[in-house]
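What follows is query-v2.pdb (PDB, C-alpha atoms, pLDDT in the B column).
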ATOM      1  CA  MET A 251      80.128  59.316  89.011  1.00 80.00           C
ATOM      2  CA  ARG A 252      80.345  59.628  92.775  1.00 85.00           C
ATOM      3  CA  ILE A 253      77.505  62.142  92.841  1.00 89.00           C
ATOM      4  CA  ILE A 254      75.309  59.874  90.703  1.00 88.00           C
ATOM      5  CA  ARG A 255      75.959  56.934  93.057  1.00 86.00           C
ATOM      6  CA  LEU A 256      75.187  59.103  96.088  1.00 91.00           C
ATOM      7  CA  ILE A 257      71.894  60.348  94.624  1.00 92.00           C
ATOM      8  CA  LEU A 258      70.969  56.826  93.512  1.00 90.00           C
ATOM      9  CA  GLY A 259      71.688  55.477  96.993  1.00 92.00           C
ATOM     10  CA  ILE A 260      69.552  58.122  98.675  1.00 94.00           C
ATOM     11  CA  VAL A 261      66.670  57.482  96.265  1.00 95.00           C
ATOM     12  CA  ILE A 262      66.880  53.724  96.886  1.00 94.00           C
ATOM     13  CA  ILE A 263      66.880  54.257 100.661  1.00 95.00           C
ATOM     14  CA  VAL A 264      63.820  56.519 100.496  1.00 95.00           C
ATOM     15  CA  GLN A 265      61.959  54.091  98.222  1.00 95.00           C
ATOM     16  CA  GLY A 266      62.890  51.195 100.502  1.00 95.00           C
ATOM     17  CA  PHE A 267      61.489  52.967 103.546  1.00 94.00           C
ATOM     18  CA  GLN A 268      58.275  53.875 101.718  1.00 95.00           C
ATOM     19  CA  ALA A 269      57.751  50.302 100.516  1.00 95.00           C
ATOM     20  CA  HIS A 270      58.944  48.735 103.797  1.00 94.00           C
ATOM     21  CA  GLN A 271      61.543  46.743 101.851  1.00 94.00           C
ATOM     22  CA  TRP A 272      64.538  46.586 104.152  1.00 94.00           C
ATOM     23  CA  MET A 273      66.739  44.855 101.593  1.00 94.00           C
ATOM     24  CA  PHE A 274      66.431  47.936  99.389  1.00 93.00           C
ATOM     25  CA  VAL A 275      67.368  50.125 102.340  1.00 95.00           C
ATOM     26  CA  ALA A 276      70.534  48.052 102.813  1.00 94.00           C
ATOM     27  CA  LEU A 277      71.302  48.231  99.087  1.00 91.00           C
ATOM     28  CA  GLY A 278      70.761  51.988  99.147  1.00 92.00           C
ATOM     29  CA  GLY A 279      73.086  52.205 102.128  1.00 92.00           C
ATOM     30  CA  LEU A 280      75.745  50.417 100.109  1.00 88.00           C
ATOM     31  CA  PHE A 281      75.304  52.799  97.175  1.00 88.00           C
ATOM     32  CA  THR A 282      75.414  55.763  99.572  1.00 92.00           C
ATOM     33  CA  LEU A 283      78.541  54.641 101.434  1.00 90.00           C
ATOM     34  CA  MET A 284      80.537  53.895  98.267  1.00 88.00           C
ATOM     35  CA  PRO A 285      80.875  57.535  97.140  1.00 86.00           C
ATOM     36  CA  LEU A 286      81.211  58.832 100.688  1.00 88.00           C
ATOM     37  CA  PHE A 287      84.233  56.612 101.382  1.00 86.00           C
ATOM     38  CA  ASN A 288      85.471  56.791  97.772  1.00 81.00           C
ATOM     39  CA  VAL A 289      85.491  53.038  97.255  1.00 78.00           C
ATOM     40  CA  GLY A 290      84.414  51.002  94.281  1.00 71.00           C
ATOM     41  CA  CYS A 291      85.697  48.516  91.771  1.00 62.00           C
ATOM     42  CA  CYS A 292      88.822  50.548  91.053  1.00 59.00           C
ATOM     43  CA  SER A 293      89.765  51.450  94.614  1.00 51.00           C
ATOM     44  CA  THR A 294      92.432  48.734  94.874  1.00 56.00           C
ATOM     45  CA  ALA A 295      93.910  49.344  91.414  1.00 55.00           C
ATOM     46  CA  GLY A 296      91.593  46.741  89.910  1.00 57.00           C
ATOM     47  CA  CYS A 297      91.238  48.833  86.770  1.00 60.00           C
ATOM     48  CA  GLY A 298      94.940  49.498  86.307  1.00 59.00           C
ATOM     49  CA  THR A 299      96.487  49.159  82.905  1.00 59.00           C
ATOM     50  CA  ASN A 300      99.686  47.347  82.067  1.00 63.00           C
ATOM     51  CA  TYR A 301     102.196  49.607  80.431  1.00 62.00           C
ATOM     52  CA  SER A 302     105.868  49.375  79.807  1.00 61.00           C
ATOM     53  CA  SER A 303     108.131  51.741  81.679  1.00 63.00           C
ATOM     54  CA  ARG A 304     111.077  51.173  79.351  1.00 63.00           C
ATOM     55  CA  LYS A 305     112.853  54.276  78.240  1.00 61.00           C
ATOM     56  CA  PRO A 306     114.608  54.552  74.906  1.00 61.00           C
ATOM     57  CA  THR A 307     118.247  53.573  75.283  1.00 65.00           C
ATOM     58  CA  GLY A 308     119.548  55.988  72.715  1.00 67.00           C
ATOM     59  CA  THR A 309     119.058  57.449  69.300  1.00 74.00           C
ATOM     60  CA  GLU A 310     119.192  55.370  66.179  1.00 77.00           C
ATOM     61  CA  ASP A 311     120.567  56.594  62.875  1.00 82.00           C
ATOM     62  CA  ILE A 312     117.940  56.734  60.174  1.00 81.00           C
ATOM     63  CA  THR A 313     118.982  56.309  56.589  1.00 86.00           C
ATOM     64  CA  TYR A 314     116.926  57.682  53.744  1.00 85.00           C
ATOM     65  CA  GLU A 315     116.884  56.467  50.193  1.00 87.00           C
ATOM     66  CA  GLU A 316     116.182  58.961  47.471  1.00 86.00           C
ATOM     67  CA  VAL A 317     113.427  58.016  45.061  1.00 87.00           C
ATOM     68  CA  LYS A 318     113.818  59.461  41.604  1.00 86.00           C
ATOM     69  CA  SER A 319     110.809  60.118  39.449  1.00 83.00           C
ATOM     70  CA  LYS A 320     110.832  59.738  35.658  1.00 76.00           C
TER
END
Just dump the structure as structure tokens.
Amino acid sequence: MRIIRLILGIVIIVQGFQAHQWMFVALGGLFTLMPLFNVGCCSTAGCGTNYSSRKPTGTEDITYEEVKSK
């Protein structure tokens, strides 16, 4: 994903320079800097999942009941 963002940023910068659209150059700079500095939406654990860290306290006895067939 980082490589795709880097390539996309470079393409946007080049297109911005060719069209003299400086806002696109700035946007391309943003897309280029994100993979270079390894930042994004998940850089501050924004995509973290909630999970329980409880460990089993012990073993439980399991009882089985025999089923007889006719």
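Here atom CA of A:Ile257 is placed at a distance of 11.1 Å from atom CA of A:Gly279.
Considering the residues A:Asn288, A:Gln265, A:Gln271, A:Thr313 and counting all atoms listed in the file, A:Ile253 has its shortest atom-to-atom contact with A:Asn288.
Checking A:Arg252, A:Ile260, A:Val317, A:Asp311 one by one against A:Val289, counting only C-alpha atoms, you find the shortest gap at A:Arg252.
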For stretch 260-263 of chain A, what centre and edge lengths in Å (one decimal) does the axis-aligned box get once 4 Å is added on each side of all its listed atoms, as JSON?
{"center_x": 68.1, "center_y": 55.9, "center_z": 98.5, "size_x": 10.9, "size_y": 12.4, "size_z": 12.4}
Reconstruct N, CA and C atoms of stretch 254-271 of chain A from the incomplete input and present them as a PDB file, in the frame of the given file.
ATOM      1  N   ILE A 254      76.409  60.696  91.205  1.00 88.00           N
ATOM      2  CA  ILE A 254      75.309  59.874  90.703  1.00 88.00           C
ATOM      3  C   ILE A 254      75.051  58.702  91.643  1.00 88.00           C
ATOM      4  N   ARG A 255      76.128  58.049  92.117  1.00 86.00           N
ATOM      5  CA  ARG A 255      75.959  56.934  93.057  1.00 86.00           C
ATOM      6  C   ARG A 255      75.336  57.400  94.372  1.00 86.00           C
ATOM      7  N   LEU A 256      75.738  58.580  94.839  1.00 91.00           N
ATOM      8  CA  LEU A 256      75.187  59.103  96.088  1.00 91.00           C
ATOM      9  C   LEU A 256      73.694  59.388  95.942  1.00 91.00           C
ATOM     10  N   ILE A 257      73.310  60.046  94.853  1.00 92.00           N
ATOM     11  CA  ILE A 257      71.894  60.348  94.624  1.00 92.00           C
ATOM     12  C   ILE A 257      71.091  59.059  94.455  1.00 92.00           C
ATOM     13  N   LEU A 258      71.646  58.103  93.708  1.00 90.00           N
ATOM     14  CA  LEU A 258      70.969  56.826  93.512  1.00 90.00           C
ATOM     15  C   LEU A 258      70.784  56.099  94.841  1.00 90.00           C
ATOM     16  N   GLY A 259      71.787  56.124  95.685  1.00 92.00           N
ATOM     17  CA  GLY A 259      71.688  55.477  96.993  1.00 92.00           C
ATOM     18  C   GLY A 259      70.629  56.110  97.871  1.00 92.00           C
ATOM     19  N   ILE A 260      70.558  57.427  97.867  1.00 94.00           N
ATOM     20  CA  ILE A 260      69.552  58.122  98.675  1.00 94.00           C
ATOM     21  C   ILE A 260      68.150  57.807  98.167  1.00 94.00           C
ATOM     22  N   VAL A 261      67.980  57.798  96.843  1.00 95.00           N
ATOM     23  CA  VAL A 261      66.670  57.482  96.265  1.00 95.00           C
ATOM     24  C   VAL A 261      66.260  56.053  96.615  1.00 95.00           C
ATOM     25  N   ILE A 262      67.195  55.120  96.553  1.00 94.00           N
ATOM     26  CA  ILE A 262      66.880  53.724  96.886  1.00 94.00           C
ATOM     27  C   ILE A 262      66.514  53.586  98.359  1.00 94.00           C
ATOM     28  N   ILE A 263      67.202  54.306  99.232  1.00 95.00           N
ATOM     29  CA  ILE A 263      66.880  54.257 100.661  1.00 95.00           C
ATOM     30  C   ILE A 263      65.475  54.793 100.914  1.00 95.00           C
ATOM     31  N   VAL A 264      65.148  55.921 100.304  1.00 95.00           N
ATOM     32  CA  VAL A 264      63.820  56.519 100.496  1.00 95.00           C
ATOM     33  C   VAL A 264      62.731  55.584  99.976  1.00 95.00           C
ATOM     34  N   GLN A 265      62.944  55.008  98.780  1.00 95.00           N
ATOM     35  CA  GLN A 265      61.959  54.091  98.222  1.00 95.00           C
ATOM     36  C   GLN A 265      61.830  52.828  99.074  1.00 95.00           C
ATOM     37  N   GLY A 266      62.935  52.369  99.633  1.00 95.00           N
ATOM     38  CA  GLY A 266      62.890  51.195 100.502  1.00 95.00           C
ATOM     39  C   GLY A 266      62.095  51.445 101.762  1.00 95.00           C
ATOM     40  N   PHE A 267      62.270  52.632 102.358  1.00 94.00           N
ATOM     41  CA  PHE A 267      61.489  52.967 103.546  1.00 94.00           C
ATOM     42  C   PHE A 267      60.008  53.086 103.217  1.00 94.00           C
ATOM     43  N   GLN A 268      59.679  53.705 102.089  1.00 95.00           N
ATOM     44  CA  GLN A 268      58.275  53.875 101.718  1.00 95.00           C
ATOM     45  C   GLN A 268      57.598  52.541 101.439  1.00 95.00           C
ATOM     46  N   ALA A 269      58.327  51.598 100.852  1.00 95.00           N
ATOM     47  CA  ALA A 269      57.751  50.302 100.516  1.00 95.00           C
ATOM     48  C   ALA A 269      57.963  49.259 101.613  1.00 95.00           C
ATOM     49  N   HIS A 270      58.617  49.640 102.694  1.00 94.00           N
ATOM     50  CA  HIS A 270      58.944  48.735 103.797  1.00 94.00           C
ATOM     51  C   HIS A 270      59.745  47.537 103.301  1.00 94.00           C
ATOM     52  N   GLN A 271      60.653  47.777 102.377  1.00 94.00           N
ATOM     53  CA  GLN A 271      61.543  46.743 101.851  1.00 94.00           C
ATOM     54  C   GLN A 271      62.944  47.010 102.407  1.00 94.00           C
TER      55      GLN A 271
END
